[in-house]
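The block underneath contains the structure these notes are about, expressed in structure tokens.
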Amino acid sequence: MSLVENPELSEVPETIPIIETSDDDNNTNDTIETAAPATNGYTKQTSPSKTNGYTNGSNGLTSHPSFIDRMSHLSVVKDKDSDACSVRSTSSRASRRPQMQLSNYQDEFTTSVYGSRFAGMDLPRHHMPENEMPRDIAYRMIKDDLSLDNNPMLNLASFVTTYMEDEAEKLMTESFSKNFIDYEEYPQSADIQNRCVNMIGDLFHAPVGTSVGTSTVGSSEAIMLAVLAMKKRWKNRRVAEGKSTENPNIVMSSAVQVCWEKATRYFEIDEKLVYCTTDRYVMDPDECVDLCDENTIGICTILGTTYTGEYEDVKAINDLLVERNIDVPIHVDAASGGFVAPFVVPDLEWDFRCEKVVSINVSGHKYGLVYPGVGWVIWRAPEYLPKELVFNINYLGADQSSFTLNFSKGASQVIGQYYQLIRLGKHGYRAIMSNLTRTADYLTETLERKGFVIMSERSGAGLPLVAFRFRTPEEGGSAERHYDEFALAHHLRSRGWVVPAYTMAPNSNVKMLRVVVREDFTKSRCDSLINDIILCLGLLDETDLESIKKREEYIKKHISAVGKGKHSHPVYSNETHSLQGKTGKTHAIC
């Protein structure tokens with residue numbers, strides 16, 4: 001803060017001065033200081049300054065002096081023989097009356113985005129700029145920055161939807177400003193959620209008239225809610241029996257998505273893991289049920305694991321629980337498979353047809369064909385969603401029940417889900433999922449002929465994805481191969497494809513690659529991927545090990561986004577409480 005010394009000023013005016021800068025002259029009105037000429041917040045200066053506040057030293061332009069720089073109501077206390085009391089008194093009064101600074105800048109226009117001063121500046125990173133930027137320039141600068149992202153259509157790592165029809169996008173855009181939680185003001189949006197819950201519940205064979213459900217921000221929130229409900233229900237039963245409520249646990253596969261690890265840690269639940277093996281990548285039903293005890297709040301089964309896309313045998317686990325008379329509920333994580341299995345293998349019993357299944361989550365933004373993020377969670381009946389978890393509130397004039405971790409959210413994704421459900425219908429979803437299954441089978445057969453080991457299922461027995469790896473020498477693979485799955489993934493990235501390599505779940509000792517077949521992954525695009533895989537394999541075969549390592553380092557440093565993701569805080573890196581921290585498992589992208 002600067003102290004402005006003005007010996008000629010003996011008294012602070014009673015009225016609050018207003019500084020108004022004018023572009024027509026160099027004077028200010030009703031103020032005690034003179035303002036320099038300004039044009040949209042830019043004034044002449046003699047020395048260069050930072051550019052991310054929208055200033056440009058090379059052009060002699062700088063932002064308007066700050067509020068602190070203009071504070072003239074603070075004075076240096078004079079010698080005690082002078083009128084010191086007056087100075088102290090007036091300074092004290094003035095400090096309680098900050099000067100008001102109102103802008104009077106003229107707008108500036110440019111005929112070219114790249115001819116503007118902003119094209120020669122860095123985009124702000126740490127501080128909010130002092131002045132405005134024209135909207136077309138702001139749009140273009142950010143759009144150019146985002147162009148360094150990968151092409152979503154070539155991102156074969158993710159299940160998340162990358163294509164929707166123009167009409168769906170228009171509906172969603174028109175709903176951006178709607179706060180979904182405001183049921184009173186947007187009753188139709190709230191009713192559309194209820195319609196979606198009804199349709200999805202019917203798809204999962206939920207009991208008519210008794211099942212309940214809600215939309216969420218993806219399956220992660222849905223899983224958190226389901227885990228909370230299972231824990232609370234278990235706790236209530238234990239209290240009623242006069243037993244301890246300490247050390248609750250949940251049984252699940254070591255191939256679970258990371259949100260399950262988060263749920264157990266956040267809600268203080270012990271994990272009981274069924275580990276994968278070198279030839280089994282899902283839970284063994286017998287081993288799963290054997291892990292259950294009186295403290296087990298539930299079993300997590302996965303309808304389509306993130307690694308290999310396999311469906312865990314929900315029916316077998318259900319039957320074992322019934323046979324052994326074990327009172328443990330099942331939650332089905334159908335994040336990926338919930339919108340696939342009902343259309344490709346409708347006779348597969350994994351949903352509410354199994355009596356031990358009490359809740360199911362599904363991601364609308366995966367094979368539900370909606371942009372991220374929307375998820376759904378359905379309970380068989382209200383008894384599986386304890387009342388004490390549901391809040392009845394009056395918000396903006398409407399009584400409503402709420403069971404969410406999130407409160408305010410946009411209505412766009414829910415409306416997008418409704419559009420897809422009524423636009424496509426069962427016939428449309430079946431047609432899309434059938435095409436995806438055929439494309440996955442085609443890619444599987446082609447890669448198998450090229451010598452890869454296929455780890456995923458075929459013919460609709462799992463998700464439409466292809467998980468594959470190189471053959472080991474023991475399996476007939478080349479003993480001279482000097483590169484691994486990660487090297488192939490790096491080479492494909494240089495061709496624009498995002499085909500991730502993973503270290504499989506603990507105890508499997510497997511490296512693998514995975515291609516997710518989404519709606520916009522056509523057979524033609526699949527052929528392009530196959531050609532590039534063959535090309536990259538040829539390049540790797542002709543390259544020695546040292547050169548491969550050098551190339552990988554080059555790609556990490558120079559190819560956009562590869563190896564540059566430094567998003568973890570140094571304080572929280574190298575943790576040892578997660579499966580990745582304990583075993584080196586890398587989590588598959590959802």
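Please note that chains go A, B, ... in the order of the structure tokens, that every chain numbers its residues from 1, and that ligands are numbered from 1 in the order shown.
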Review point. Which polymer residues have any atom within 12 Å of an atom of segment 316-331 of chain A, counting only C-alpha atoms, with same-chain residues fewer than 6 positions away left out, as a ChimeraX atom specification?
Key: /A:222-231,233-234,237,249-252,260,283-303,348-362,377-380,384
Point to revise | alpha helix (DSSP H) residues, from DSSP on the backbone, in segment 187-380 of chain A, as JSON, numbers by chain | key: {"A": [187, 188, 189, 190, 191, 192, 193, 194, 195, 196, 197, 198, 199, 200, 201, 202, 203, 218, 219, 220, 221, 222, 223, 224, 225, 226, 227, 228, 229, 230, 231, 232, 233, 234, 235, 236, 237, 238, 239, 240, 258, 259, 260, 261, 262, 263, 264, 265, 266, 285, 286, 287, 288, 289, 290, 314, 315, 316, 317, 318, 319, 320, 321, 322, 323, 341, 342, 343, 344]}
Revision key, fill the gap. Using only C-alpha atoms, the shortest atom-to-atom distance to Asp313 of chain A among A:Cys259, A:Ala461, A:Arg495, A:Pro506 belongs to A:Ala461
Check your understanding: So which residues touch Lys170 of chain A within 12 Å, counting only C-alpha atoms, skipping near sequence neighbours fewer than 6 positions away, as a ChimeraX atom specification?
Key -> /A:164,176,412-413,415-416,419
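Distance annotation: of A:Ile534, A:Ala487, A:Met512, A:Ala119, the residue with the minimal separation from Phe468 of chain A is A:Met512; atom set is only C-alpha atoms.
With atom CA of Ser363 of chain A on one side and atom CA of Ala335 of chain A on the other, the separation reads 4.6 Å.
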